[in-house]
$ cat coords-v9.txt   # compact mmCIF, C-alpha atoms (C1' of nucleotides) and all ligand atoms
# COMPACT_ATOMS: atom_id res chain seq x y z
CA MET X 12 178.84 -80.73 59.64
CA SER X 13 175.60 -81.87 58.00
CA PRO X 14 173.56 -79.32 56.11
CA GLN X 15 170.66 -79.64 58.55
CA LEU X 16 172.97 -79.00 61.46
CA ALA X 17 174.36 -75.95 59.67
CA ALA X 18 170.84 -74.71 59.06
CA MET X 19 169.95 -75.19 62.72
CA THR X 20 173.01 -73.36 64.00
CA GLY X 21 172.23 -70.58 61.54
CA ILE X 22 168.75 -70.24 62.96
CA LEU X 23 170.10 -70.02 66.49
CA LYS X 24 172.58 -67.35 65.46
CA ASP X 25 169.85 -65.35 63.74
CA ARG X 26 167.85 -65.35 66.94
CA GLY X 27 170.78 -64.16 68.99
CA ILE X 28 171.00 -67.47 70.83
CA ARG X 29 174.59 -68.21 71.72
CA LEU X 30 176.19 -71.25 70.18
CA THR X 31 177.70 -72.98 73.19
CA ALA X 32 179.46 -76.33 73.11
CA GLU X 33 176.51 -77.86 74.94
CA ARG X 34 173.99 -76.60 72.41
CA ARG X 35 176.11 -77.88 69.55
CA ALA X 36 176.26 -81.28 71.17
CA ILE X 37 172.52 -81.32 71.70
CA LEU X 38 171.80 -80.34 68.10
CA LYS X 39 174.07 -83.12 66.93
CA GLY X 40 172.61 -85.60 69.42
CA ILE X 41 169.07 -84.89 68.31
CA HIS X 42 169.77 -86.26 64.89
CA SER X 43 171.70 -89.30 66.01
CA CYS X 44 168.80 -90.26 68.29
CA GLY X 45 166.55 -90.42 65.24
CA GLY X 46 162.78 -90.22 65.40
CA HIS X 47 161.24 -89.64 68.83
CA PHE X 48 163.33 -89.29 71.95
CA ASP X 49 163.02 -88.08 75.50
CA ALA X 50 165.28 -85.93 77.65
CA ASP X 51 166.71 -88.87 79.55
CA THR X 52 167.59 -90.82 76.44
CA LEU X 53 169.51 -87.82 75.22
CA LEU X 54 171.24 -87.52 78.58
CA ASP X 55 172.32 -91.18 78.45
CA HIS X 56 173.53 -90.66 74.92
CA PHE X 57 175.91 -87.97 76.13
CA ARG X 58 177.01 -89.91 79.18
CA ARG X 59 177.98 -92.86 77.04
CA ARG X 60 179.94 -90.69 74.65
CA GLY X 61 181.75 -88.95 77.47
CA ASP X 62 180.29 -85.56 76.54
CA ARG X 63 179.03 -83.86 79.64
CA VAL X 64 175.86 -81.87 79.35
CA SER X 65 173.85 -81.41 82.50
CA ARG X 66 170.26 -82.43 82.85
CA ALA X 67 169.25 -78.81 83.41
CA THR X 68 170.86 -77.71 80.17
CA ILE X 69 169.22 -80.50 78.23
CA TYR X 70 165.80 -79.53 79.46
CA ARG X 71 166.48 -75.86 78.92
CA THR X 72 167.79 -76.35 75.41
CA LEU X 73 165.02 -78.70 74.34
CA GLY X 74 162.58 -76.07 75.54
CA THR X 75 164.32 -73.41 73.53
CA LEU X 76 164.36 -75.55 70.40
CA VAL X 77 160.65 -76.16 70.75
CA GLU X 78 160.07 -72.43 71.14
CA ILE X 79 161.87 -71.57 67.95
CA GLY X 80 160.16 -74.37 66.09
CA LEU X 81 163.04 -76.74 65.48
CA LEU X 82 161.56 -79.43 67.68
CA ARG X 83 158.07 -80.58 68.45
CA LYS X 84 157.20 -81.69 71.96
CA ILE X 85 154.77 -84.56 72.33
CA GLU X 86 153.36 -84.66 75.82
CA MET X 87 152.46 -88.18 76.80
CA GLY X 88 150.03 -88.00 79.68
CA ASP X 89 151.89 -90.24 82.10
CA ARG X 90 155.38 -90.83 81.18
CA GLN X 91 157.88 -88.23 80.11
CA SER X 92 157.51 -85.94 77.14
CA LEU X 93 158.92 -86.94 73.78
CA TYR X 94 160.56 -84.65 71.27
CA GLU X 95 161.00 -84.99 67.53
CA PRO X 96 162.76 -82.85 64.94
CA VAL X 97 160.37 -80.83 62.80
CA GLU X 98 162.80 -80.16 59.99
CA GLY X 99 160.66 -80.42 56.88
CA ARG X 100 158.72 -83.42 58.12
CA GLU X 101 155.02 -83.46 57.49
CA HIS X 102 152.72 -82.64 60.39
CA HIS X 103 151.49 -85.90 61.84
CA GLU X 104 149.93 -87.49 64.88
CA HIS X 105 150.79 -90.65 66.81
CA MET X 106 149.45 -94.07 67.65
CA ILE X 107 151.15 -95.54 70.72
CA CYS X 108 151.18 -99.26 71.44
CA LEU X 109 150.39 -99.96 75.07
CA HIS X 110 152.08 -103.34 74.81
CA CYS X 111 155.44 -102.72 73.18
CA GLY X 112 155.70 -98.93 73.25
CA GLU X 113 155.98 -98.63 69.48
CA ILE X 114 155.07 -95.22 68.11
CA ILE X 115 153.36 -95.14 64.72
CA GLU X 116 152.90 -91.87 62.89
CA PHE X 117 149.95 -91.02 60.72
CA VAL X 118 148.88 -88.11 58.56
CA GLU X 119 145.20 -87.33 58.18
CA PRO X 120 144.57 -83.90 56.65
CA GLU X 121 140.82 -84.28 56.96
CA ILE X 122 141.13 -84.51 60.75
CA GLU X 123 143.22 -81.35 60.75
CA ARG X 124 140.65 -79.58 58.60
CA LEU X 125 137.79 -80.64 60.85
CA GLN X 126 139.63 -79.32 63.89
CA ASP X 127 139.99 -75.95 62.22
CA GLU X 128 136.33 -75.99 61.39
CA VAL X 129 135.33 -76.78 64.96
CA CYS X 130 137.51 -73.92 66.17
CA ARG X 131 136.03 -71.52 63.67
CA ARG X 132 132.54 -72.44 64.79
CA SER X 133 133.46 -71.59 68.40
CA GLY X 134 135.47 -68.48 67.69
CA PHE X 135 138.45 -70.29 69.16
CA THR X 136 141.91 -69.47 67.80
CA PRO X 137 143.90 -72.71 67.77
CA GLN X 138 147.62 -72.57 68.40
CA ASP X 139 148.50 -76.18 68.91
CA HIS X 140 146.90 -79.55 69.34
CA THR X 141 147.66 -83.07 70.44
CA LEU X 142 146.06 -86.21 69.11
CA GLN X 143 147.29 -89.52 70.41
CA ILE X 144 145.65 -92.88 69.91
CA TYR X 145 146.55 -95.54 72.46
CA GLY X 146 146.03 -99.21 71.70
CA ILE X 147 147.71 -102.37 70.45
CA CYS X 148 149.85 -102.36 67.32
CA TYR X 149 149.63 -104.87 64.51
CA ALA X 150 152.69 -106.86 65.60
CA CYS X 151 151.46 -107.17 69.18
CA ASN X 152 148.00 -108.16 67.96
CA CYS X 153 149.51 -111.03 65.99
CA GLU X 154 151.62 -112.10 68.95
CA ASN X 155 148.58 -112.31 71.15
CA VAL X 156 146.64 -114.33 68.63
CA ALA X 157 149.49 -116.85 68.71
CA GLY X 158 150.96 -117.82 72.11
CA GLU X 159 149.20 -116.06 74.99
CA SER X 160 152.31 -115.38 77.03
CA GLY X 161 152.69 -113.08 80.03
CA THR X 162 152.62 -109.35 79.65
CA ALA X 163 155.74 -107.39 78.92
CA GLY X 164 156.69 -104.08 77.44
CA ALA X 165 155.57 -100.56 78.00
CA GLY X 166 152.40 -100.36 80.06
CA ARG X 167 150.49 -97.19 80.69
CA MET K 26 120.23 -88.30 97.70
CA SER K 27 120.16 -87.37 94.03
CA PRO K 28 119.15 -90.04 91.54
CA GLN K 29 122.60 -89.96 89.89
CA LEU K 30 124.27 -90.48 93.23
CA ALA K 31 121.93 -93.36 93.94
CA ALA K 32 122.75 -94.88 90.57
CA MET K 33 126.46 -94.56 91.25
CA THR K 34 126.29 -96.15 94.66
CA GLY K 35 124.22 -98.93 93.13
CA ILE K 36 126.93 -99.58 90.58
CA LEU K 37 129.57 -99.75 93.28
CA LYS K 38 127.48 -102.18 95.29
CA ASP K 39 126.93 -104.38 92.26
CA ARG K 40 130.67 -104.60 91.75
CA GLY K 41 131.27 -105.56 95.34
CA ILE K 42 133.01 -102.28 96.08
CA ARG K 43 132.38 -101.25 99.64
CA LEU K 44 130.51 -98.05 100.24
CA THR K 45 132.74 -96.29 102.72
CA ALA K 46 132.15 -92.83 104.09
CA GLU K 47 135.09 -91.58 102.03
CA ARG K 48 133.71 -92.98 98.79
CA ARG K 49 130.33 -91.49 99.48
CA ALA K 50 131.94 -88.11 100.06
CA ILE K 51 133.91 -88.39 96.84
CA LEU K 52 130.87 -89.35 94.80
CA LYS K 53 129.02 -86.38 96.21
CA GLY K 54 132.01 -84.09 95.71
CA ILE K 55 132.36 -85.05 92.08
CA HIS K 56 128.98 -83.62 91.29
CA SER K 57 129.38 -80.46 93.31
CA CYS K 58 132.65 -79.74 91.50
CA GLY K 59 130.72 -79.78 88.24
CA GLY K 60 132.40 -80.27 84.89
CA HIS K 61 136.11 -80.94 84.90
CA PHE K 62 138.20 -81.19 88.04
CA ASP K 63 141.53 -82.48 89.21
CA ALA K 64 142.48 -84.48 92.27
CA ASP K 65 143.81 -81.48 94.16
CA THR K 66 140.70 -79.40 93.59
CA LEU K 67 138.68 -82.22 95.07
CA LEU K 68 141.06 -82.45 98.01
CA ASP K 69 140.69 -78.72 98.69
CA HIS K 70 136.94 -79.04 98.42
CA PHE K 71 136.98 -81.56 101.26
CA ARG K 72 139.45 -79.59 103.35
CA ARG K 73 137.22 -76.54 103.17
CA ARG K 74 134.15 -78.49 104.17
CA GLY K 75 135.93 -80.12 107.06
CA ASP K 76 135.47 -83.60 105.60
CA ARG K 77 138.71 -85.48 105.83
CA VAL K 78 139.61 -87.71 102.95
CA SER K 79 143.26 -88.42 102.42
CA ARG K 80 145.09 -87.70 99.22
CA ALA K 81 145.79 -91.40 98.76
CA THR K 82 142.14 -92.27 99.00
CA ILE K 83 141.17 -89.60 96.52
CA TYR K 84 143.63 -90.87 93.96
CA ARG K 85 142.68 -94.46 94.60
CA THR K 86 138.98 -93.79 94.34
CA LEU K 87 139.23 -91.65 91.22
CA GLY K 88 141.20 -94.50 89.66
CA THR K 89 138.51 -96.98 90.62
CA LEU K 90 135.75 -94.79 89.25
CA VAL K 91 137.60 -94.48 85.96
CA GLU K 92 138.02 -98.24 85.83
CA ILE K 93 134.33 -98.92 86.25
CA GLY K 94 133.45 -96.25 83.74
CA LEU K 95 131.85 -93.63 85.96
CA LEU K 96 134.59 -91.09 85.33
CA ARG K 97 136.74 -90.21 82.37
CA LYS K 98 140.35 -89.24 82.92
CA ILE K 99 141.75 -86.53 80.66
CA GLU K 100 145.51 -86.45 80.70
CA MET K 101 146.71 -82.91 80.11
CA GLY K 102 150.19 -82.73 78.76
CA ASP K 103 151.55 -80.74 81.65
CA ARG K 104 151.08 -83.92 83.70
CA GLN K 105 148.08 -83.02 85.78
CA SER K 106 145.07 -85.12 84.92
CA LEU K 107 141.52 -83.89 84.87
CA TYR K 108 138.46 -86.01 85.52
CA GLU K 109 134.89 -85.60 84.40
CA PRO K 110 131.72 -87.59 85.09
CA VAL K 111 130.69 -89.78 82.16
CA GLU K 112 127.11 -90.24 83.27
CA GLY K 113 125.25 -90.34 79.97
CA ARG K 114 127.24 -87.47 78.51
CA GLU K 115 128.26 -87.71 74.90
CA HIS K 116 131.87 -88.55 74.04
CA HIS K 117 133.66 -85.28 73.35
CA GLU K 118 137.05 -83.64 73.10
CA HIS K 119 138.37 -80.39 74.54
CA MET K 120 139.61 -76.97 73.52
CA ILE K 121 141.67 -75.34 76.26
CA CYS K 122 142.23 -71.60 76.43
CA LEU K 123 145.85 -70.77 77.14
CA HIS K 124 144.84 -67.36 78.44
CA CYS K 125 141.99 -67.95 80.87
CA GLY K 126 142.04 -71.73 81.29
CA GLU K 127 138.49 -72.16 80.02
CA ILE K 128 137.72 -75.65 78.77
CA ILE K 129 135.32 -75.90 75.84
CA GLU K 130 133.90 -79.23 74.79
CA PHE K 131 133.16 -80.26 71.25
CA VAL K 132 131.70 -83.28 69.55
CA GLU K 133 132.85 -84.21 66.07
CA PRO K 134 131.81 -87.73 65.04
CA GLU K 135 133.62 -87.44 61.74
CA ILE K 136 136.95 -87.06 63.55
CA GLU K 137 136.18 -90.15 65.57
CA ARG K 138 135.33 -92.07 62.45
CA LEU K 139 138.52 -91.00 60.71
CA GLN K 140 140.56 -92.13 63.67
CA ASP K 141 139.01 -95.57 63.46
CA GLU K 142 139.75 -95.65 59.78
CA VAL K 143 143.39 -94.73 60.29
CA CYS K 144 143.69 -97.49 62.88
CA ARG K 145 142.08 -100.03 60.61
CA ARG K 146 144.52 -99.15 57.85
CA SER K 147 147.44 -99.81 60.20
CA GLY K 148 146.06 -102.91 61.86
CA PHE K 149 146.13 -100.95 65.10
CA THR K 150 143.51 -101.74 67.75
CA PRO K 151 142.57 -98.47 69.42
CA GLN K 152 141.62 -98.49 73.08
CA ASP K 153 141.63 -94.83 73.95
CA HIS K 154 142.57 -91.48 72.54
CA THR K 155 143.17 -87.90 73.52
CA LEU K 156 142.51 -84.89 71.37
CA GLN K 157 143.09 -81.48 72.84
CA ILE K 158 143.23 -78.18 71.03
CA TYR K 159 145.12 -75.39 72.76
CA GLY K 160 144.56 -71.78 71.83
CA ILE K 161 142.65 -68.63 72.72
CA CYS K 162 138.94 -68.71 73.40
CA TYR K 163 136.39 -66.30 71.97
CA ALA K 164 136.10 -64.20 75.12
CA CYS K 165 139.85 -63.77 75.45
CA ASN K 166 140.13 -62.94 71.76
CA CYS K 167 137.65 -60.10 72.19
CA GLU K 168 139.44 -58.84 75.28
CA ASN K 169 142.70 -58.63 73.39
CA VAL K 170 141.14 -56.78 70.49
CA ALA K 171 140.06 -54.16 73.01
CA GLY K 172 142.59 -53.04 75.64
CA GLU K 173 145.96 -54.73 75.19
CA SER K 174 146.68 -55.25 78.89
CA GLY K 175 149.31 -57.44 80.49
CA THR K 176 149.03 -61.21 80.53
CA ALA K 177 147.11 -63.00 83.22
CA GLY K 178 145.29 -66.23 83.72
CA ALA K 179 146.16 -69.86 83.31
CA GLY K 180 149.34 -70.34 81.39
CA ARG K 181 150.67 -73.68 80.21
C1' DT T 22 191.78 -58.37 75.04
C1' DC T 23 188.07 -56.86 77.96
C1' DT T 24 183.53 -56.99 79.68
C1' DA T 25 178.73 -57.42 80.20
C1' DA T 26 175.35 -60.51 79.65
C1' DA T 27 174.07 -65.09 78.63
C1' DT T 28 174.69 -69.77 79.95
C1' DT T 29 175.96 -73.71 82.64
C1' DG T 30 176.00 -77.32 86.41
C1' DA T 31 175.16 -79.40 90.88
C1' DG T 32 171.91 -80.23 93.61
C1' DA T 33 167.78 -78.61 95.97
C1' DA T 34 163.04 -77.98 95.19
C1' DT T 35 158.50 -78.91 93.11
C1' DC T 36 154.82 -81.22 91.45
C1' DT T 37 151.94 -85.28 90.61
C1' DG T 38 151.06 -89.33 91.84
C1' DT T 39 152.03 -94.13 94.04
C1' DC T 40 153.34 -97.19 97.74
C1' DT T 41 153.74 -99.10 102.56
C1' DC T 42 151.80 -100.87 106.41
C1' DA T 43 149.56 -100.59 110.77
C1' DA T 44 144.99 -99.36 112.24
C1' DC T 45 140.25 -99.36 111.09
C1' DT T 46 135.59 -100.79 109.37
C1' DG T 47 131.71 -102.43 106.23
C1' DG T 48 128.73 -105.82 105.88
C1' DA T 49 127.95 -110.95 105.31
C1' DG T 50 126.94 -114.58 108.12
C1' DA T 51 126.06 -116.58 112.89
C1' DT I 3 122.69 -107.77 117.17
C1' DC I 4 127.41 -109.56 117.41
C1' DT I 5 131.75 -111.30 115.18
C1' DC I 6 135.16 -111.36 112.17
C1' DC I 7 138.14 -110.55 108.38
C1' DA I 8 139.05 -109.00 103.83
C1' DG I 9 138.76 -104.68 101.94
C1' DT I 10 139.96 -99.78 103.03
C1' DT I 11 142.07 -95.91 104.99
C1' DG I 12 145.70 -92.34 106.33
C1' DA I 13 150.23 -90.53 107.25
C1' DG I 14 154.06 -90.09 105.37
C1' DA I 15 157.81 -92.12 102.70
C1' DC I 16 158.90 -92.65 98.08
C1' DA I 17 159.32 -91.94 93.05
C1' DG I 18 159.97 -89.88 88.45
C1' DA I 19 160.04 -85.93 85.58
C1' DT I 20 161.00 -81.38 85.34
C1' DT I 21 162.21 -76.75 87.08
C1' DC I 22 164.69 -73.62 90.01
C1' DT I 23 168.79 -71.38 92.39
C1' DC I 24 172.89 -69.14 92.14
C1' DA I 25 177.80 -69.05 91.93
C1' DA I 26 181.15 -69.98 88.39
C1' DT I 27 182.05 -70.03 83.60
C1' DT I 28 181.80 -68.75 78.77
C1' DT I 29 180.31 -66.34 74.56
C1' DA I 30 180.45 -62.63 71.45
C1' DG I 31 180.86 -58.00 70.45
C1' DA I 32 183.42 -53.51 71.19
ZN ZN H 201 153.04 -103.17 70.01
ZN ZN H 202 156.28 -88.29 65.17
ZN ZN H 203 140.05 -67.71 77.27
ZN ZN H 204 134.67 -82.54 78.97

$ encode --input "coords-v9.txt" --output "C-alpha cells" --more "lines below"
Ligand SMILES: [Zn+2]
Ligand SMILES: [Zn+2]
Ligand SMILES: [Zn+2]
Ligand SMILES: [Zn+2]
Amino acid sequence: MSPQLAAMTGILKDRGIRLTAERRAILKGIHSCGGHFDADTLLDHFRRRGDRVSRATIYRTLGTLVEIGLLRKIEMGDRQSLYEPVEGREHHEHMICLHCGEIIEFVEPEIERLQDEVCRRSGFTPQDHTLQIYGICYACNCENVAGESGTAGAGR
Amino acid sequence: MSPQLAAMTGILKDRGIRLTAERRAILKGIHSCGGHFDADTLLDHFRRRGDRVSRATIYRTLGTLVEIGLLRKIEMGDRQSLYEPVEGREHHEHMICLHCGEIIEFVEPEIERLQDEVCRRSGFTPQDHTLQIYGICYACNCENVAGESGTAGAGR
DNA sequence: TCTAAATTGAGAATCTGTCTCAACTGGAGA
DNA sequence: TCTCCAGTTGAGACAGATTCTCAATTTAGA
C-alpha cells in the first residue's frame, strides 16, 4: 500500500468513516486515474478491472472525500464535474481547451490575494471559489494555423 | 416601449431574427426579472401572467440572445445557469452567499489583466471565463453573530 | 460472536436542458 | 392587401449527470 493511500485510510478512520472494500477501491482508483477525472471515468475503470462498485457508491464516496478535504471538485458548467486529489498539491485554477479538452493548471497567487481583498471590502466571508478560463490551447492554436481541417474534440 | 427594449428589438431585426410574440415577451420579461435570473424563473413569470411561452422557446431564445451578445450566461457549478442582461453594464464577476443566495457583483480589472497574462504565458487563447466566489455575505454574517438559529436559505 | 448502525446496489426519480416534427406565422414580395 | 415559405413554435420524448429509496449486506466495537 502506498504511503498516500495509508495516509488517506488513516484520515477516514480518524473521522469514524468505515473502511469498506468499495472505499478502498475508490481510494486506490483515484490515484491510478491520475490528474483530473470524473465519476464515470472512475466507474469504467472499475468495470474494466472487474471490481464492482456501484454508481451510487462512487458518487457518495467522492462527495465524502471532497467533504473531508481529500479531493477537490471542479464543477464544469455543462459537462460533468471533475475531481482531483488535493494531497499536498498547490492550489491552482484551470484553463480548459474548447477544442481538444486539455486541462492546463495555473497558479497565480496575486489573483487569490485580490479575491480576498474584494471579499474583505464587501464584508463577504469566502469559503470557496472557482476560476476557469475557456479557450484554445497552444497546440490547437498551432494546428489551426496549419491545415484548417474540420472540427473535432471536446466542444462546449 | 422602453428605449432598451426598442434597442434590443432593433438588434434582432438587424440580424434578420424574426420578432415573434414569444420573443417580444421574453425581451420584456428579462427586464422585469431584473438582475440575474434562470430559465425556470422566467418560465414561472410567464405562467403567472398568463402569457404562454414554451420551455423550449425560452431556452432557445435565451441561447440566441447570448449568441448575439444581449445576455450573458453564468454557469453555476450546480448545473443551473443564470442569465443577466449585458446592456452597457461593466464586465463583472460574482460572489454568491451560501446562506441566503444573495448574488453580489464585483469588478476587479487587475484580476482580468492577470488572467490575460497567465494565458499569454501559456500560449492559450482565452474566449471566456468564470470566476465565482462562494461564501457568506455581510448580512448573513451579522445574523449569525447575533442569534445562532437553525439553517435556512439557499444551500448549494 | 453478536448486534446496532453504517453502507451498499439496483433501479427509479430528479433536474436541466435539448431534440423532434407537425402545425403555425412573420414579413418580404406580388 | 394577399400569398407563400422559411423561420419558429409547442408538446412531449429524450438525454446525461446526479441523487434518492430501501431492502439486503457489512463493518467495527462490545
Ligand atoms: Zn486544445
Ligand atoms: Zn487541477
Ligand atoms: Zn447571505
Ligand atoms: Zn451579475

$ residues_near_point --input "coords-v9.txt" --point "(168.6, -83.8, 93.8)" --cutoff "12 Å" --atoms "all atoms listed in the file" --output "PyMOL selection string"
(chain X and resi 66-67) or (chain T and resi 31-35) or (chain I and resi 18+20-22)

$ axis_aligned_box --input "coords-v9.txt" --around "stretch 31-49 of chain T" --padding-each-side "3 Å" --output "lines of an AutoDock Vina configuration file"
center_x = 151.6
center_y = -94.5
center_z = 101.4
size_x = 53.2
size_y = 39.0
size_z = 27.6

$ closest_atom_pairs --input "coords-v9.txt" --of "chain X" --to "chain K" --cutoff "12 Å" --atoms "all atoms listed in the file" --output "JSON lines"
{"residue": "X:Lys84", "atom": "CA", "partner": "K:Gly102", "partner_atom": "CA", "distance": 9.8}
{"residue": "X:Ile85", "atom": "CA", "partner": "K:Gly102", "partner_atom": "CA", "distance": 8.1}
{"residue": "X:Glu86", "atom": "CA", "partner": "K:Gly102", "partner_atom": "CA", "distance": 4.7}
{"residue": "X:Met87", "atom": "CA", "partner": "K:Gly102", "partner_atom": "CA", "distance": 6.2}
{"residue": "X:Gly88", "atom": "CA", "partner": "K:Glu100", "partner_atom": "CA", "distance": 4.9}
{"residue": "X:Asp89", "atom": "CA", "partner": "K:Arg104", "partner_atom": "CA", "distance": 6.6}
{"residue": "X:Arg90", "atom": "CA", "partner": "K:Arg104", "partner_atom": "CA", "distance": 8.5}
{"residue": "X:Gln91", "atom": "CA", "partner": "K:Arg104", "partner_atom": "CA", "distance": 8.8}
{"residue": "X:Ser92", "atom": "CA", "partner": "K:Gly102", "partner_atom": "CA", "distance": 8.2}
{"residue": "X:Leu93", "atom": "CA", "partner": "K:Gly102", "partner_atom": "CA", "distance": 10.9}
{"residue": "X:Glu104", "atom": "CA", "partner": "K:Leu156", "partner_atom": "CA", "distance": 10.2}
{"residue": "X:His105", "atom": "CA", "partner": "K:His154", "partner_atom": "CA", "distance": 10.1}
{"residue": "X:Met106", "atom": "CA", "partner": "K:Phe149", "partner_atom": "CA", "distance": 8.1}
{"residue": "X:Ile107", "atom": "CA", "partner": "K:Pro151", "partner_atom": "CA", "distance": 9.2}
{"residue": "X:Cys108", "atom": "CA", "partner": "K:Phe149", "partner_atom": "CA", "distance": 8.3}
{"residue": "X:Leu109", "atom": "CA", "partner": "K:Gln152", "partner_atom": "CA", "distance": 9.1}
{"residue": "X:His110", "atom": "CA", "partner": "K:Thr150", "partner_atom": "CA", "distance": 11.2}
{"residue": "X:Glu113", "atom": "CA", "partner": "K:Phe149", "partner_atom": "CA", "distance": 11.0}
{"residue": "X:Ile114", "atom": "CA", "partner": "K:Phe149", "partner_atom": "CA", "distance": 11.0}
{"residue": "X:Ile115", "atom": "CA", "partner": "K:Ser147", "partner_atom": "CA", "distance": 8.8}
{"residue": "X:Glu116", "atom": "CA", "partner": "K:Ser147", "partner_atom": "CA", "distance": 10.0}
{"residue": "X:Phe117", "atom": "CA", "partner": "K:Val143", "partner_atom": "CA", "distance": 7.5}
{"residue": "X:Val118", "atom": "CA", "partner": "K:Val143", "partner_atom": "CA", "distance": 8.8}
{"residue": "X:Glu119", "atom": "CA", "partner": "K:Val143", "partner_atom": "CA", "distance": 7.9}
{"residue": "X:Pro120", "atom": "CA", "partner": "K:Leu139", "partner_atom": "CA", "distance": 10.2}
{"residue": "X:Glu121", "atom": "CA", "partner": "K:Leu139", "partner_atom": "CA", "distance": 8.0}
{"residue": "X:Ile122", "atom": "CA", "partner": "K:Ile136", "partner_atom": "CA", "distance": 5.6}
{"residue": "X:Glu123", "atom": "CA", "partner": "K:Ile136", "partner_atom": "CA", "distance": 8.9}
{"residue": "X:Arg124", "atom": "CA", "partner": "K:Ile136", "partner_atom": "CA", "distance": 9.7}
{"residue": "X:Leu125", "atom": "CA", "partner": "K:Ile136", "partner_atom": "CA", "distance": 7.0}
{"residue": "X:Gln126", "atom": "CA", "partner": "K:Ile158", "partner_atom": "CA", "distance": 8.1}
{"residue": "X:Asp127", "atom": "CA", "partner": "K:Ile158", "partner_atom": "CA", "distance": 9.6}
{"residue": "X:Glu128", "atom": "CA", "partner": "K:Glu133", "partner_atom": "CA", "distance": 10.1}
{"residue": "X:Val129", "atom": "CA", "partner": "K:Phe131", "partner_atom": "CA", "distance": 7.5}
{"residue": "X:Cys130", "atom": "CA", "partner": "K:Met120", "partner_atom": "CA", "distance": 8.2}
{"residue": "X:Arg131", "atom": "CA", "partner": "K:Tyr163", "partner_atom": "CA", "distance": 9.8}
{"residue": "X:Arg132", "atom": "CA", "partner": "K:Phe131", "partner_atom": "CA", "distance": 10.2}
{"residue": "X:Ser133", "atom": "CA", "partner": "K:Tyr163", "partner_atom": "CA", "distance": 7.0}
{"residue": "X:Gly134", "atom": "CA", "partner": "K:Tyr163", "partner_atom": "CA", "distance": 4.9}
{"residue": "X:Phe135", "atom": "CA", "partner": "K:Cys162", "partner_atom": "CA", "distance": 4.6}
{"residue": "X:Thr136", "atom": "CA", "partner": "K:Ile161", "partner_atom": "CA", "distance": 5.0}
{"residue": "X:Pro137", "atom": "CA", "partner": "K:Gly160", "partner_atom": "CA", "distance": 4.2}
{"residue": "X:Gln138", "atom": "CA", "partner": "K:Gly160", "partner_atom": "CA", "distance": 4.7}
{"residue": "X:Asp139", "atom": "CA", "partner": "K:Tyr159", "partner_atom": "CA", "distance": 5.2}
{"residue": "X:His140", "atom": "CA", "partner": "K:Ile158", "partner_atom": "CA", "distance": 4.3}
{"residue": "X:Thr141", "atom": "CA", "partner": "K:Gln157", "partner_atom": "CA", "distance": 5.4}
{"residue": "X:Leu142", "atom": "CA", "partner": "K:Leu156", "partner_atom": "CA", "distance": 4.4}
{"residue": "X:Gln143", "atom": "CA", "partner": "K:Thr155", "partner_atom": "CA", "distance": 5.4}
{"residue": "X:Ile144", "atom": "CA", "partner": "K:His154", "partner_atom": "CA", "distance": 4.3}
{"residue": "X:Tyr145", "atom": "CA", "partner": "K:Asp153", "partner_atom": "CA", "distance": 5.2}
{"residue": "X:Gly146", "atom": "CA", "partner": "K:Pro151", "partner_atom": "CA", "distance": 4.2}
{"residue": "X:Ile147", "atom": "CA", "partner": "K:Thr150", "partner_atom": "CA", "distance": 5.0}
{"residue": "X:Cys148", "atom": "CA", "partner": "K:Phe149", "partner_atom": "CA", "distance": 4.6}
{"residue": "X:Tyr149", "atom": "CA", "partner": "K:Gly148", "partner_atom": "CA", "distance": 4.9}
{"residue": "X:Ala150", "atom": "CA", "partner": "K:Gly148", "partner_atom": "CA", "distance": 8.6}
{"residue": "X:Cys151", "atom": "CA", "partner": "K:Phe149", "partner_atom": "CA", "distance": 9.2}
{"residue": "X:Asn152", "atom": "CA", "partner": "K:Thr150", "partner_atom": "CA", "distance": 7.8}
{"residue": "X:Cys153", "atom": "CA", "partner": "K:Gly148", "partner_atom": "CA", "distance": 9.7}
{"residue": "X:Arg167", "atom": "CA", "partner": "K:Asp153", "partner_atom": "CA", "distance": 11.4}

$ atom_distance --input "coords-v9.txt" --atom1 "atom C1' of I:DT28" --atom2 "atom CA of X:Arg83"
28.5 Å

$ closest_residue --input "coords-v9.txt" --among "K:Gly59, K:Asp69, K:Arg77, K:Gln29" --to "ligand ZN 204 (chain H)" --atoms "all atoms listed in the file"
K:Gly59

$ residues_around --input "coords-v9.txt" --residues "T:DG47" --least-positions-apart "5" --cutoff "10 Å" --atoms "all atoms listed in the file" --output "PyMOL selection string"
(chain K and resi 43-46) or (chain I and resi 9-10)

$ atom_distance --input "coords-v9.txt" --atom1 "atom C1' of I:DT29" --atom2 "atom C1' of T:DA26"
9.2 Å

$ interface_residues --input "coords-v9.txt" --of "chain T" --to "chain X" --cutoff "8 Å" --atoms "all atoms listed in the file" --output "short mmCIF file (atom, residue, chain, number, x, y, z; two decimals) with C-alpha atoms (C1' of nucleotides), in the coordinates of the input"
data_model
loop_
_atom_site.label_atom_id
_atom_site.label_comp_id
_atom_site.auth_asym_id
_atom_site.auth_seq_id
_atom_site.Cartn_x
_atom_site.Cartn_y
_atom_site.Cartn_z
"C1'" DA T 27 174.07 -65.09 78.63
"C1'" DT T 29 175.96 -73.71 82.64
"C1'" DG T 30 176.00 -77.32 86.41
#

$ residues_near_point --input "coords-v9.txt" --point "(170.4, -78.4, 61.7)" --cutoff "10 Å" --atoms "only C-alpha atoms (C1' of nucleotides)" --output "ChimeraX atom specification"
/X:12-23,35,38-39,41-42,81,96,98

$ atom_distance --input "coords-v9.txt" --atom1 "atom C1' of T:DT46" --atom2 "atom C1' of I:DC6"
10.9 Å

$ closest_residue --input "coords-v9.txt" --among "K:Ile83, K:Ile51, K:Val111, K:Cys125" --to "chain I" --atoms "all atoms listed in the file"
K:Ile83

$ closest_residue --input "coords-v9.txt" --among "X:Gly74, X:Gly112, X:Gly80, X:Gly46" --to "ligand ZN 202 (chain H)" --atoms "only C-alpha atoms and all ligand atoms"
X:Gly46

$ closest_residue --input "coords-v9.txt" --among "K:Gly75, K:Leu67, K:Asn169, K:His61" --to "ligand ZN 204 (chain H)" --atoms "all atoms listed in the file"
K:His61

$ residues_around --input "coords-v9.txt" --residues "I:DA17" --least-positions-apart "2" --cutoff "12 Å" --atoms "all atoms listed in the file" --output "mmCIF file with C-alpha atoms (C1' of nucleotides), in the coordinates of the input"
data_model
loop_
_atom_site.group_PDB
_atom_site.id
_atom_site.type_symbol
_atom_site.label_atom_id
_atom_site.label_comp_id
_atom_site.auth_asym_id
_atom_site.auth_seq_id
_atom_site.Cartn_x
_atom_site.Cartn_y
_atom_site.Cartn_z
ATOM 1 C "C1'" DC T 36 154.820 -81.220 91.450
ATOM 2 C "C1'" DT T 37 151.940 -85.280 90.610
ATOM 3 C "C1'" DG T 38 151.060 -89.330 91.840
ATOM 4 C "C1'" DT T 39 152.030 -94.130 94.040
ATOM 5 C "C1'" DC T 40 153.340 -97.190 97.740
ATOM 6 C "C1'" DA I 15 157.810 -92.120 102.700
ATOM 7 C "C1'" DA I 19 160.040 -85.930 85.580
#
